[in-house]
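Novice: File upload-v2.json follows (JSON, C-alpha atoms and all ligand atoms):
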```json
[["chain", "number", "residue", "atom", "x", "y", "z"],
["A", 1, "MET", "CA", -4.06, -86.90, 1.03],
["A", 2, "ILE", "CA", -3.10, -83.52, 2.47],
["A", 3, "LEU", "CA", 0.45, -82.44, 1.65],
["A", 4, "GLU", "CA", 2.84, -80.18, 3.59],
["A", 5, "VAL", "CA", 0.88, -80.23, 6.80],
["A", 6, "PRO", "CA", 2.60, -77.76, 9.16],
["A", 7, "THR", "CA", 3.86, -79.09, 12.46],
["A", 8, "ALA", "CA", 3.50, -77.57, 15.90],
["A", 9, "GLU", "CA", 7.20, -76.71, 15.65],
["A", 10, "ASP", "CA", 6.59, -74.73, 12.41],
["A", 11, "PHE", "CA", 3.95, -72.60, 14.14],
["A", 12, "PHE", "CA", 6.11, -72.10, 17.26],
["A", 13, "ARG", "CA", 9.11, -71.03, 15.19],
["A", 14, "THR", "CA", 7.03, -68.47, 13.27],
["A", 15, "GLY", "CA", 5.36, -67.23, 16.47],
["A", 16, "ILE", "CA", 8.68, -66.67, 18.24],
["A", 17, "SER", "CA", 10.10, -65.00, 15.13],
["A", 18, "LEU", "CA", 7.15, -62.56, 15.03],
["A", 19, "LEU", "CA", 7.64, -61.70, 18.70],
["A", 20, "ASN", "CA", 11.34, -61.11, 18.04],
["A", 21, "GLN", "CA", 10.55, -58.79, 15.13],
["A", 22, "ALA", "CA", 8.18, -56.82, 17.38],
["A", 23, "TRP", "CA", 10.97, -56.68, 20.00],
["A", 24, "ASN", "CA", 13.51, -55.50, 17.38],
["A", 25, "ASN", "CA", 11.29, -52.53, 16.43],
["A", 26, "VAL", "CA", 10.80, -51.55, 20.04],
["A", 27, "PHE", "CA", 14.48, -51.70, 20.92],
["A", 28, "GLU", "CA", 15.49, -49.76, 17.85],
["A", 29, "LEU", "CA", 13.24, -46.93, 19.08],
["A", 30, "ILE", "CA", 14.63, -47.20, 22.61],
["A", 31, "GLU", "CA", 18.25, -47.17, 21.38],
["A", 32, "TYR", "CA", 17.78, -44.03, 19.26],
["A", 33, "TYR", "CA", 15.87, -42.37, 22.07],
["A", 34, "LYS", "CA", 18.65, -43.14, 24.58],
["A", 35, "LEU", "CA", 21.28, -41.87, 22.15],
["A", 36, "ALA", "CA", 19.36, -38.63, 21.56],
["A", 37, "LYS", "CA", 18.88, -38.13, 25.32],
["A", 38, "ASP", "CA", 22.54, -38.83, 26.09],
["A", 39, "GLN", "CA", 23.68, -36.35, 23.47],
["A", 40, "ASP", "CA", 21.08, -33.69, 24.31],
["A", 41, "MET", "CA", 19.64, -33.84, 20.83],
["A", 42, "PHE", "CA", 16.07, -32.99, 21.85],
["A", 43, "GLU", "CA", 15.86, -29.20, 21.91],
["A", 44, "ASP", "CA", 12.91, -29.22, 24.31],
["A", 45, "ALA", "CA", 10.11, -31.47, 25.58],
["A", 46, "SER", "CA", 8.19, -31.09, 22.32],
["A", 47, "GLY", "CA", 11.11, -32.74, 20.52],
["A", 48, "GLU", "CA", 10.53, -35.88, 22.57],
["A", 49, "VAL", "CA", 6.78, -35.78, 21.90],
["A", 50, "ASP", "CA", 7.50, -35.45, 18.18],
["A", 51, "TYR", "CA", 9.93, -38.40, 18.36],
["A", 52, "TRP", "CA", 7.35, -40.73, 19.90],
["A", 53, "ARG", "CA", 4.53, -39.44, 17.69],
["A", 54, "ALA", "CA", 6.68, -40.24, 14.65],
["A", 55, "ALA", "CA", 7.24, -43.70, 16.15],
["A", 56, "SER", "CA", 3.55, -44.62, 16.02],
["A", 57, "ASP", "CA", 4.03, -46.70, 12.82],
["A", 58, "GLU", "CA", 6.78, -48.81, 14.39],
["A", 59, "LEU", "CA", 4.81, -49.16, 17.62],
["A", 60, "SER", "CA", 1.59, -50.21, 15.93],
["A", 61, "THR", "CA", 3.51, -52.66, 13.71],
["A", 62, "SER", "CA", 5.05, -54.14, 16.84],
["A", 63, "VAL", "CA", 1.61, -54.58, 18.37],
["A", 64, "THR", "CA", 0.36, -56.26, 15.18],
["A", 65, "LEU", "CA", 3.39, -58.56, 15.10],
["A", 66, "THR", "CA", 2.82, -59.44, 18.77],
["A", 67, "HIS", "CA", -0.85, -60.23, 18.09],
["A", 68, "GLN", "CA", 0.13, -62.42, 15.13],
["A", 69, "GLY", "CA", 2.88, -64.04, 17.22],
["A", 70, "ILE", "CA", 0.30, -64.98, 19.88],
["A", 71, "SER", "CA", -2.00, -66.44, 17.18],
["A", 72, "PHE", "CA", 0.81, -68.59, 15.79],
["A", 73, "LEU", "CA", 1.82, -69.86, 19.22],
["A", 74, "ILE", "CA", -1.81, -70.82, 19.97],
["A", 75, "LYS", "CA", -1.95, -72.55, 16.55],
["A", 76, "GLY", "CA", 1.22, -74.40, 17.55],
["A", 77, "LYS", "CA", -0.47, -75.65, 20.71],
["A", 78, "ILE", "CA", -3.50, -76.80, 18.69],
["A", 79, "ALA", "CA", -1.25, -78.44, 16.08],
["A", 80, "SER", "CA", 0.49, -80.35, 18.86],
["A", 81, "VAL", "CA", -2.85, -82.17, 19.31],
["A", 82, "ASN", "CA", -3.64, -82.35, 15.59],
["A", 83, "PRO", "CA", -2.90, -79.72, 12.88],
["A", 84, "HIS", "CA", -6.10, -80.73, 11.04],
["A", 85, "LEU", "CA", -8.07, -79.03, 13.82],
["A", 86, "LEU", "CA", -6.99, -75.77, 12.15],
["A", 87, "ILE", "CA", -8.90, -76.58, 8.96],
["A", 88, "LEU", "CA", -12.51, -75.39, 8.69],
["A", 89, "SER", "CA", -14.54, -78.44, 9.55],
["A", 90, "GLN", "CA", -17.33, -78.19, 6.96],
["A", 91, "PRO", "CA", -16.43, -80.36, 3.91],
["A", 92, "LYS", "CA", -18.21, -77.81, 1.70],
["A", 93, "ASP", "CA", -15.41, -75.37, 2.61],
["A", 94, "TRP", "CA", -12.66, -77.77, 1.51],
["A", 95, "PRO", "CA", -10.81, -77.34, -1.83],
["A", 96, "LYS", "CA", -12.48, -78.79, -4.90],
["A", 97, "GLY", "CA", -11.37, -82.33, -5.70],
["A", 98, "CYS", "CA", -9.60, -82.83, -2.39],
["A", 99, "ASP", "CA", -11.20, -86.28, -2.19],
["A", 100, "LYS", "CA", -9.88, -87.22, -5.63],
["A", 101, "GLY", "CA", -6.21, -86.21, -5.46],
["A", 102, "ASP", "CA", -3.52, -84.70, -3.27],
["A", 103, "VAL", "CA", -4.02, -81.14, -1.97],
["A", 104, "TYR", "CA", -1.79, -78.83, 0.01],
["A", 105, "PHE", "CA", -2.68, -77.83, 3.54],
["A", 106, "SER", "CA", -2.33, -74.19, 2.46],
["A", 107, "ASP", "CA", -5.19, -74.71, -0.05],
["A", 108, "PHE", "CA", -7.63, -75.23, 2.82],
["A", 109, "LYS", "CA", -9.41, -72.36, 4.53],
["A", 110, "THR", "CA", -8.30, -72.32, 8.12],
["A", 111, "VAL", "CA", -10.16, -71.25, 11.24],
["A", 112, "ASP", "CA", -10.56, -67.58, 12.17],
["A", 113, "THR", "CA", -8.21, -66.06, 14.70],
["A", 114, "GLY", "CA", -11.27, -65.35, 16.85],
["A", 115, "ASP", "CA", -11.94, -69.09, 17.20],
["A", 116, "LEU", "CA", -8.41, -70.12, 18.19],
["A", 117, "VAL", "CA", -8.96, -69.80, 21.94],
["A", 118, "LYS", "CA", -12.16, -71.88, 21.79],
["A", 119, "ILE", "CA", -10.39, -74.65, 19.83],
["A", 120, "HIS", "CA", -7.36, -74.49, 22.14],
["A", 121, "ASN", "CA", -9.48, -74.69, 25.28],
["A", 122, "THR", "CA", -11.58, -77.53, 23.90],
["A", 123, "PHE", "CA", -8.74, -79.83, 22.88],
["A", 124, "LEU", "CA", -5.85, -79.03, 25.23],
["A", 125, "PRO", "CA", -5.73, -80.21, 28.84],
["A", 126, "ILE", "CA", -4.60, -76.81, 30.20],
["A", 127, "LYS", "CA", -6.90, -73.96, 29.19],
["A", 128, "LEU", "CA", -5.83, -70.39, 28.52],
["A", 129, "ASP", "CA", -7.17, -68.42, 31.46],
["A", 130, "GLU", "CA", -9.56, -65.50, 31.10],
["A", 131, "SER", "CA", -6.96, -62.85, 31.88],
["A", 132, "PHE", "CA", -4.75, -64.09, 29.05],
["A", 133, "VAL", "CA", -7.70, -64.29, 26.66],
["A", 134, "SER", "CA", -8.71, -60.69, 27.39],
["A", 135, "PHE", "CA", -5.05, -59.66, 27.06],
["A", 136, "PHE", "CA", -4.94, -61.37, 23.63],
["A", 137, "MET", "CA", -8.09, -59.52, 22.55],
["A", 138, "SER", "CA", -6.73, -56.23, 23.86],
["A", 139, "THR", "CA", -3.63, -56.46, 21.63],
["A", 140, "SER", "CA", -5.85, -56.07, 18.55],
["A", 141, "ARG", "CA", -7.48, -52.94, 20.02],
["A", 142, "LYS", "CA", -4.16, -51.51, 21.11],
["A", 143, "ARG", "CA", -3.04, -50.94, 17.54],
["A", 144, "ASN", "CA", -5.89, -48.48, 16.89],
["A", 145, "LYS", "CA", -5.21, -46.75, 20.17],
["A", 146, "ILE", "CA", -1.59, -46.13, 19.17],
["A", 147, "MET", "CA", -2.49, -44.94, 15.68],
["A", 148, "HIS", "CA", -4.86, -42.32, 17.11],
["A", 149, "SER", "CA", -2.85, -41.27, 20.11],
["A", 150, "ILE", "CA", -1.47, -37.75, 20.00],
["A", 151, "ASP", "CA", 0.02, -37.37, 23.44],
["A", 152, "ASN", "CA", 3.34, -38.16, 25.05],
["A", 153, "ASN", "CA", 2.01, -41.44, 26.44],
["A", 154, "LEU", "CA", 3.32, -43.16, 23.31],
["A", 155, "ARG", "CA", 6.70, -43.07, 25.01],
["A", 156, "PHE", "CA", 5.41, -45.62, 27.49],
["A", 157, "GLU", "CA", 3.99, -47.93, 24.83],
["A", 158, "VAL", "CA", 7.46, -49.44, 24.26],
["A", 159, "ASN", "CA", 7.47, -50.74, 27.83],
["A", 160, "SER", "CA", 3.92, -52.00, 27.46],
["A", 161, "ILE", "CA", 4.86, -53.95, 24.29],
["A", 162, "ILE", "CA", 7.90, -55.43, 26.07],
["A", 163, "ARG", "CA", 5.58, -56.65, 28.85],
["A", 164, "ASP", "CA", 3.13, -58.05, 26.28],
["A", 165, "ILE", "CA", 5.91, -60.10, 24.68],
["A", 166, "LEU", "CA", 7.10, -61.39, 28.04],
["A", 167, "ILE", "CA", 3.54, -62.34, 29.08],
["A", 168, "THR", "CA", 3.13, -64.17, 25.76],
["A", 169, "ASN", "CA", 6.39, -66.05, 26.12],
["A", 170, "ASP", "CA", 5.52, -66.88, 29.72],
["A", 171, "THR", "CA", 2.09, -68.28, 28.81],
["A", 172, "LEU", "CA", 2.63, -69.93, 25.43],
["A", 173, "SER", "CA", 6.31, -70.72, 25.12],
["A", 174, "ASN", "CA", 9.06, -71.38, 27.65],
["A", 175, "PRO", "CA", 8.54, -69.47, 30.91],
["A", 176, "GLY", "CA", 11.67, -67.65, 32.07],
["A", 177, "GLU", "CA", 13.54, -68.32, 28.83],
["A", 178, "TRP", "CA", 12.79, -65.25, 26.75],
["A", 179, "PHE", "CA", 16.42, -64.15, 26.48],
["A", 180, "LEU", "CA", 17.50, -67.63, 25.35],
["A", 181, "ARG", "CA", 14.86, -67.43, 22.61],
["A", 182, "ARG", "CA", 16.16, -63.97, 21.80],
["A", 183, "MET", "CA", 19.79, -65.14, 21.47],
["A", 184, "GLU", "CA", 18.73, -68.12, 19.36],
["A", 185, "TYR", "CA", 16.78, -65.82, 17.08],
["A", 186, "LEU", "CA", 19.61, -63.31, 16.63],
["A", 187, "SER", "CA", 22.16, -66.04, 16.02],
["A", 188, "THR", "CA", 20.12, -67.37, 13.08],
["A", 189, "ARG", "CA", 19.56, -64.05, 11.29],
["A", 190, "PRO", "CA", 21.19, -63.49, 7.89],
["A", 191, "TRP", "CA", 23.63, -60.93, 9.25],
["A", 192, "ALA", "CA", 24.78, -63.39, 11.93],
["A", 193, "ILE", "CA", 26.67, -65.10, 9.11],
["A", 194, "ILE", "CA", 28.90, -62.08, 8.61],
["A", 195, "ASP", "CA", 29.07, -60.63, 12.11],
["A", 196, "HIS", "CA", 30.55, -61.76, 15.40],
["A", 197, "ASP", "CA", 28.70, -63.50, 18.20],
["A", 198, "GLU", "CA", 29.91, -60.92, 20.69],
["A", 199, "TYR", "CA", 27.81, -58.25, 19.02],
["A", 200, "TYR", "CA", 24.60, -60.22, 19.65],
["A", 201, "ASN", "CA", 25.58, -60.97, 23.19],
["A", 202, "ASP", "CA", 26.30, -57.27, 23.84],
["A", 203, "ARG", "CA", 22.98, -56.37, 22.29],
["A", 204, "VAL", "CA", 20.98, -58.84, 24.38],
["A", 205, "ILE", "CA", 22.79, -57.68, 27.55],
["A", 206, "THR", "CA", 21.75, -54.09, 26.79],
["A", 207, "GLU", "CA", 18.18, -55.24, 26.22],
["A", 208, "CYS", "CA", 18.15, -57.33, 29.40],
["A", 209, "SER", "CA", 19.53, -54.40, 31.44],
["A", 210, "TYR", "CA", 16.71, -52.21, 30.15],
["A", 211, "VAL", "CA", 14.07, -54.87, 30.89],
["A", 212, "LYS", "CA", 15.43, -55.32, 34.42],
["A", 213, "SER", "CA", 15.20, -51.55, 34.94],
["A", 214, "ILE", "CA", 11.52, -51.25, 33.95],
["A", 215, "LEU", "CA", 9.99, -54.40, 35.49],
["A", 216, "THR", "CA", 8.54, -54.40, 38.98],
["A", 217, "ASP", "CA", 9.62, -56.89, 41.62],
["A", 218, "SER", "CA", 6.56, -59.06, 41.05],
["A", 219, "GLU", "CA", 7.09, -58.99, 37.27],
["A", 220, "MET", "CA", 10.74, -60.02, 37.70],
["A", 221, "LYS", "CA", 9.56, -62.94, 39.82],
["A", 222, "GLN", "CA", 6.85, -63.83, 37.32],
["A", 223, "PHE", "CA", 9.00, -63.66, 34.18],
["A", 224, "PHE", "CA", 12.46, -64.59, 35.48],
["A", 225, "GLN", "CA", 11.97, -66.16, 38.92],
["A", 226, "VAL", "CA", 14.26, -63.67, 40.67],
["A", 227, "SER", "CA", 13.42, -60.79, 42.98],
["A", 228, "LYS", "CA", 14.29, -57.32, 41.80],
["A", 229, "LYS", "CA", 15.44, -56.67, 45.38],
["A", 230, "SER", "CA", 18.17, -59.32, 45.06],
["A", 231, "ARG", "CA", 21.82, -58.32, 45.12],
["A", 232, "PHE", "CA", 22.88, -58.80, 41.51],
["A", 233, "TYR", "CA", 26.37, -59.87, 40.43],
["A", 234, "ILE", "CA", 28.08, -59.93, 37.04],
["A", 235, "CYS", "CA", 27.28, -63.25, 35.36],
["A", 236, "PRO", "CA", 30.64, -64.94, 34.56],
["A", 237, "SER", "CA", 29.02, -66.87, 31.73],
["A", 238, "CYS", "CA", 27.45, -63.80, 30.01],
["A", 239, "HIS", "CA", 30.65, -61.84, 30.65],
["A", 240, "SER", "CA", 32.75, -64.46, 28.82],
["A", 241, "ARG", "CA", 30.63, -64.01, 25.68],
["A", 242, "THR", "CA", 30.78, -60.20, 25.49],
["A", 243, "SER", "CA", 33.07, -58.13, 23.29],
["A", 244, "GLY", "CA", 34.12, -56.00, 26.26],
["A", 245, "MET", "CA", 32.97, -52.93, 24.31],
["A", 246, "GLY", "CA", 29.26, -53.14, 25.14],
["A", 247, "GLU", "CA", 27.62, -50.31, 27.05],
["A", 248, "ASP", "CA", 26.14, -52.51, 29.79],
["A", 249, "THR", "CA", 27.51, -54.97, 32.32],
["A", 250, "PRO", "CA", 25.64, -58.28, 32.68],
["A", 251, "LEU", "CA", 24.55, -57.70, 36.30],
["A", 252, "PHE", "CA", 22.06, -60.55, 36.13],
["A", 253, "ALA", "CA", 23.37, -63.22, 38.52],
["A", 254, "VAL", "CA", 22.19, -63.97, 42.05],
["A", 255, "LEU", "CA", 23.71, -66.23, 44.70],
["A", 256, "LYS", "CA", 22.15, -69.71, 44.72],
["A", 257, "PRO", "CA", 21.38, -70.47, 47.43],
["A", 258, "ASN", "CA", 21.35, -66.93, 48.77],
["A", 259, "THR", "CA", 23.65, -67.54, 51.77],
["A", 260, "PRO", "CA", 26.93, -65.93, 52.95],
["A", 261, "THR", "CA", 28.85, -69.14, 52.10],
["A", 262, "SER", "CA", 27.18, -69.89, 48.76],
["A", 263, "THR", "CA", 29.64, -70.82, 46.00],
["A", 264, "ASN", "CA", 27.31, -70.59, 42.99],
["A", 265, "VAL", "CA", 25.63, -67.80, 41.12],
["A", 266, "TYR", "CA", 22.65, -68.24, 38.80],
["A", 267, "CYS", "CA", 21.93, -65.88, 35.89],
["A", 268, "PHE", "CA", 18.31, -65.06, 35.03],
["A", 269, "MET", "CA", 19.30, -64.10, 31.48],
["A", 270, "CYS", "CA", 21.39, -67.06, 30.26],
["A", 271, "LEU", "CA", 20.07, -69.47, 32.96],
["A", 272, "GLN", "CA", 23.61, -70.72, 33.69],
["A", 273, "TYR", "CA", 25.05, -71.59, 37.08],
["A", 274, "SER", "CA", 28.66, -70.49, 37.61],
["A", 275, "PRO", "CA", 31.02, -71.41, 40.46],
["A", 276, "VAL", "CA", 32.33, -68.47, 42.53],
["A", 277, "LYS", "CA", 34.98, -67.92, 45.21],
["A", 278, "ARG", "CA", 34.06, -66.17, 48.44],
["A", 279, "GLU", "CA", 36.99, -63.79, 49.00],
["A", 280, "LYS", "CA", 37.17, -60.09, 49.71],
["A", 281, "CYS", "CA", 37.55, -57.93, 46.60],
["A", 282, "GLY", "CA", 39.93, -55.41, 48.21],
["A", 283, "GLU", "CA", 39.57, -52.88, 45.36],
["A", 284, "GLY", "CA", 38.99, -49.34, 46.72],
["A", 285, "ASP", "CA", 35.94, -49.30, 48.94],
["A", 286, "CYS", "CA", 34.25, -52.23, 47.14],
["A", 287, "LYS", "CA", 32.61, -54.50, 49.69],
["A", 288, "GLY", "CA", 32.27, -57.37, 47.21],
["A", 289, "ASN", "CA", 33.15, -60.88, 48.31],
["A", 290, "VAL", "CA", 32.01, -62.89, 45.30],
["A", 291, "LEU", "CA", 34.74, -63.50, 42.71],
["A", 292, "ALA", "CA", 35.10, -65.55, 39.54],
["A", 293, "ASP", "CA", 38.30, -66.54, 37.74],
["A", 294, "ASN", "CA", 37.40, -65.04, 34.37],
["A", 295, "VAL", "CA", 36.01, -61.74, 35.70],
["A", 296, "GLY", "CA", 37.48, -60.98, 39.10],
["A", 297, "CYS", "CA", 35.07, -59.24, 41.44],
["A", 298, "LEU", "CA", 31.48, -59.87, 40.38],
["A", 299, "SER", "CA", 30.37, -56.68, 42.14],
["A", 300, "CYS", "CA", 32.76, -54.06, 40.70],
["A", 301, "GLY", "CA", 34.26, -56.00, 37.79],
["A", 302, "GLU", "CA", 37.89, -55.36, 38.85],
["A", 303, "SER", "CA", 40.14, -58.33, 38.21],
["B", 1, "ZN", "ZN", 24.38, -65.03, 32.21],
["B", 2, "ZN", "ZN", 34.98, -55.35, 43.83]]
```
Represent the structure contained in this file as structure tokens.

Specialist:
Amino acid sequence: MILEVPTAEDFFRTGISLLNQAWNNVFELIEYYKLAKDQDMFEDASGEVDYWRAASDELSTSVTLTHQGISFLIKGKIASVNPHLLILSQPKDWPKGCDKGDVYFSDFKTVDTGDLVKIHNTFLPIKLDESFVSFFMSTSRKRNKIMHSIDNNLRFEVNSIIRDILITNDTLSNPGEWFLRRMEYLSTRPWAIIDHDEYYNDRVITECSYVKSILTDSEMKQFFQVSKKSRFYICPSCHSRTSGMGEDTPLFAVLKPNTPTSTNVYCFMCLQYSPVKREKCGEGDCKGNVLADNVGCLSCGES
């Protein structure tokens, strides 16, 4: 008998964790970069080039983690059919004596990463399409490209890795729910035991604000099912979970339905619907007319 056979859930959990670690690296670089820019710490343009060149280790590690994350999520899909499909099929490759006593799953040689797509597409009803397969292959080449890059383009690799993670989540995990996965991940980290929830909520709001700023309209629709051209309001639900000290406002909610009399907003980050009142804000020259009890005006934030 084979012992400790991993479940689909085991592979999914590891895959999402790897994507989160890649995301952590990327946002650490972005945060320091923003801080340095805000405080004029780069003496000239070459200072920025040096910053991103020095970041090549973190960037290439993020790409590797993303590639591994994709592999684990595909393994999870295969394991949802049968985890034994991940074991090399030739009995001559199996551990000695496996037919005479118990053996651990981890003692078996498992299939090569290069064969995962073929196994997935053979046994699962919905195949991975060609564009995703070539994207998956490209993530392994990307690492070398970063390691050997010497120009300022490395600065843009952070955005490219963010897109890679969103594409992966969209294709292999829960479409539209990346930031829920992100909050779940942060809330289960060791330091979550000693820190406050508000910190993680502030952090994810900052990350979501950045993501919203770099994605195109079609990417926003693809990954979060909202148009970038929408009028965005403060999400009452996200707002209630912040510390009030974060650097960004959760401007992630849109009217649902998008009509002048609508009394609900929907947030693309936390996926919550919140009831709103349709009254004039009246603060300065704010033209807002969407209010919530716990925030006040969802346009300007004045209570
Ligand atoms: Zn929200
Ligand atoms: Zn207002």

Novice: Go through the chains and note each residue within 6 Å of ligand ZN 1 (chain B), using only C-alpha atoms and all ligand atoms, then give the set as a VMD selection string.

Specialist: chain A and resid 235 237 to 238 267 269 to 270 272

Novice: What is the distance, in Å and to one decimal place, between atom CA of Val226 of chain A and atom CA of Ile126 of chain A?

Specialist: 25.3 Å

Novice: May I have the residues within 12 Å of His120 of chain A as a PyMOL selection string, using all atoms listed in the file and disregarding those fewer than 3 positions away in the same chain?

Specialist: chain A and resi 71-83+85-86+111+113-117+123-129+133+172

Novice: Grab the residues selected above and save them as a PDB file, in the coordinates of the input with C-alpha atoms.

Specialist:
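After the write, out.pdb holds the following:
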```pdb
ATOM      1  CA  SER A  71      -2.000 -66.440  17.180  1.00  0.00           C
ATOM      2  CA  PHE A  72       0.810 -68.590  15.790  1.00  0.00           C
ATOM      3  CA  LEU A  73       1.820 -69.860  19.220  1.00  0.00           C
ATOM      4  CA  ILE A  74      -1.810 -70.820  19.970  1.00  0.00           C
ATOM      5  CA  LYS A  75      -1.950 -72.550  16.550  1.00  0.00           C
ATOM      6  CA  GLY A  76       1.220 -74.400  17.550  1.00  0.00           C
ATOM      7  CA  LYS A  77      -0.470 -75.650  20.710  1.00  0.00           C
ATOM      8  CA  ILE A  78      -3.500 -76.800  18.690  1.00  0.00           C
ATOM      9  CA  ALA A  79      -1.250 -78.440  16.080  1.00  0.00           C
ATOM     10  CA  SER A  80       0.490 -80.350  18.860  1.00  0.00           C
ATOM     11  CA  VAL A  81      -2.850 -82.170  19.310  1.00  0.00           C
ATOM     12  CA  ASN A  82      -3.640 -82.350  15.590  1.00  0.00           C
ATOM     13  CA  PRO A  83      -2.900 -79.720  12.880  1.00  0.00           C
ATOM     14  CA  LEU A  85      -8.070 -79.030  13.820  1.00  0.00           C
ATOM     15  CA  LEU A  86      -6.990 -75.770  12.150  1.00  0.00           C
ATOM     16  CA  VAL A 111     -10.160 -71.250  11.240  1.00  0.00           C
ATOM     17  CA  THR A 113      -8.210 -66.060  14.700  1.00  0.00           C
ATOM     18  CA  GLY A 114     -11.270 -65.350  16.850  1.00  0.00           C
ATOM     19  CA  ASP A 115     -11.940 -69.090  17.200  1.00  0.00           C
ATOM     20  CA  LEU A 116      -8.410 -70.120  18.190  1.00  0.00           C
ATOM     21  CA  VAL A 117      -8.960 -69.800  21.940  1.00  0.00           C
ATOM     22  CA  PHE A 123      -8.740 -79.830  22.880  1.00  0.00           C
ATOM     23  CA  LEU A 124      -5.850 -79.030  25.230  1.00  0.00           C
ATOM     24  CA  PRO A 125      -5.730 -80.210  28.840  1.00  0.00           C
ATOM     25  CA  ILE A 126      -4.600 -76.810  30.200  1.00  0.00           C
ATOM     26  CA  LYS A 127      -6.900 -73.960  29.190  1.00  0.00           C
ATOM     27  CA  LEU A 128      -5.830 -70.390  28.520  1.00  0.00           C
ATOM     28  CA  ASP A 129      -7.170 -68.420  31.460  1.00  0.00           C
ATOM     29  CA  VAL A 133      -7.700 -64.290  26.660  1.00  0.00           C
ATOM     30  CA  LEU A 172       2.630 -69.930  25.430  1.00  0.00           C
TER      31      LEU A 172
END
```

Novice: Distance table requested - chain A against ligand ZN 2 (chain B), cut-off 7 Å, only C-alpha atoms and all ligand atoms: one row per qualifying residue with the closest atom pair and its distance in Å to one decimal, ordered by chain and rising residue number, as JSON lines.

Specialist:
```
{"residue": "A:Cys281", "atom": "CA", "partner": "B:ZN2", "partner_atom": "ZN", "distance": 4.6}
{"residue": "A:Gly282", "atom": "CA", "partner": "B:ZN2", "partner_atom": "ZN", "distance": 6.6}
{"residue": "A:Glu283", "atom": "CA", "partner": "B:ZN2", "partner_atom": "ZN", "distance": 5.4}
{"residue": "A:Cys286", "atom": "CA", "partner": "B:ZN2", "partner_atom": "ZN", "distance": 4.6}
{"residue": "A:Lys287", "atom": "CA", "partner": "B:ZN2", "partner_atom": "ZN", "distance": 6.4}
{"residue": "A:Gly288", "atom": "CA", "partner": "B:ZN2", "partner_atom": "ZN", "distance": 4.8}
{"residue": "A:Cys297", "atom": "CA", "partner": "B:ZN2", "partner_atom": "ZN", "distance": 4.6}
{"residue": "A:Leu298", "atom": "CA", "partner": "B:ZN2", "partner_atom": "ZN", "distance": 6.7}
{"residue": "A:Ser299", "atom": "CA", "partner": "B:ZN2", "partner_atom": "ZN", "distance": 5.1}
{"residue": "A:Cys300", "atom": "CA", "partner": "B:ZN2", "partner_atom": "ZN", "distance": 4.0}
{"residue": "A:Gly301", "atom": "CA", "partner": "B:ZN2", "partner_atom": "ZN", "distance": 6.1}
{"residue": "A:Glu302", "atom": "CA", "partner": "B:ZN2", "partner_atom": "ZN", "distance": 5.8}
```

Novice: If the box runs along x, y and z of the file and leaves 5 Å on each side of segment 66-81 of chain A, what are its centre and edge lengths in Å, one decimal, as lines of an AutoDock Vina configuration file?

Specialist:
```
center_x = -0.3
center_y = -70.8
center_z = 17.9
size_x = 16.4
size_y = 32.7
size_z = 15.6
```

Novice: Excluding same-chain residues fewer than 2 positions from Phe268 of chain A, what lies within 12 Å of it counting all atoms listed in the file, as an MDAnalysis selection string?

Specialist: chainID A and resid 175:180 205 208:209 211:212 220:228 230 232:235 237:238 250:256 265:266 270:274

Novice: Mind giving me the straight-line distance from atom CA of Met41 of chain A to atom CA of Thr242 of chain A in Å, one decimal?

Specialist: 29.0 Å

Novice: Mind listing as a ChimeraX atom specification all residues within 12 Å of (1.3, -52.3, 30.2), counting all atoms listed in the file?

Specialist: /A:135,138-139,142,153-167,214-216,219

Novice: Write the residues you've just listed into a file as a PDB file, keeping the file's coordinate frame, and include C-alpha atoms for each of them.

Specialist:
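Output file result.pdb follows:
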```
ATOM      1  CA  PHE A 135      -5.050 -59.660  27.060  1.00  0.00           C
ATOM      2  CA  SER A 138      -6.730 -56.230  23.860  1.00  0.00           C
ATOM      3  CA  THR A 139      -3.630 -56.460  21.630  1.00  0.00           C
ATOM      4  CA  LYS A 142      -4.160 -51.510  21.110  1.00  0.00           C
ATOM      5  CA  ASN A 153       2.010 -41.440  26.440  1.00  0.00           C
ATOM      6  CA  LEU A 154       3.320 -43.160  23.310  1.00  0.00           C
ATOM      7  CA  ARG A 155       6.700 -43.070  25.010  1.00  0.00           C
ATOM      8  CA  PHE A 156       5.410 -45.620  27.490  1.00  0.00           C
ATOM      9  CA  GLU A 157       3.990 -47.930  24.830  1.00  0.00           C
ATOM     10  CA  VAL A 158       7.460 -49.440  24.260  1.00  0.00           C
ATOM     11  CA  ASN A 159       7.470 -50.740  27.830  1.00  0.00           C
ATOM     12  CA  SER A 160       3.920 -52.000  27.460  1.00  0.00           C
ATOM     13  CA  ILE A 161       4.860 -53.950  24.290  1.00  0.00           C
ATOM     14  CA  ILE A 162       7.900 -55.430  26.070  1.00  0.00           C
ATOM     15  CA  ARG A 163       5.580 -56.650  28.850  1.00  0.00           C
ATOM     16  CA  ASP A 164       3.130 -58.050  26.280  1.00  0.00           C
ATOM     17  CA  ILE A 165       5.910 -60.100  24.680  1.00  0.00           C
ATOM     18  CA  LEU A 166       7.100 -61.390  28.040  1.00  0.00           C
ATOM     19  CA  ILE A 167       3.540 -62.340  29.080  1.00  0.00           C
ATOM     20  CA  ILE A 214      11.520 -51.250  33.950  1.00  0.00           C
ATOM     21  CA  LEU A 215       9.990 -54.400  35.490  1.00  0.00           C
ATOM     22  CA  THR A 216       8.540 -54.400  38.980  1.00  0.00           C
ATOM     23  CA  GLU A 219       7.090 -58.990  37.270  1.00  0.00           C
TER      24      GLU A 219
END
```

Novice: Just the number, please: distance in Å from atom CA of Met147 of chain A to atom CA of Ser134 of chain A, one decimal.

Specialist: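 Atom CA of Ser134 of chain A lies at a distance of 20.6 Å from atom CA of Met147 of chain A.
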
Novice: Find the residue from A:Gly244, A:Ile16, A:Thr110, A:Ser303 that sits nearest to Glu184 of chain A; use only C-alpha atoms when measuring.

Specialist: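 That would be A:Ile16, the residue with the smallest distance to Glu184 of chain A.
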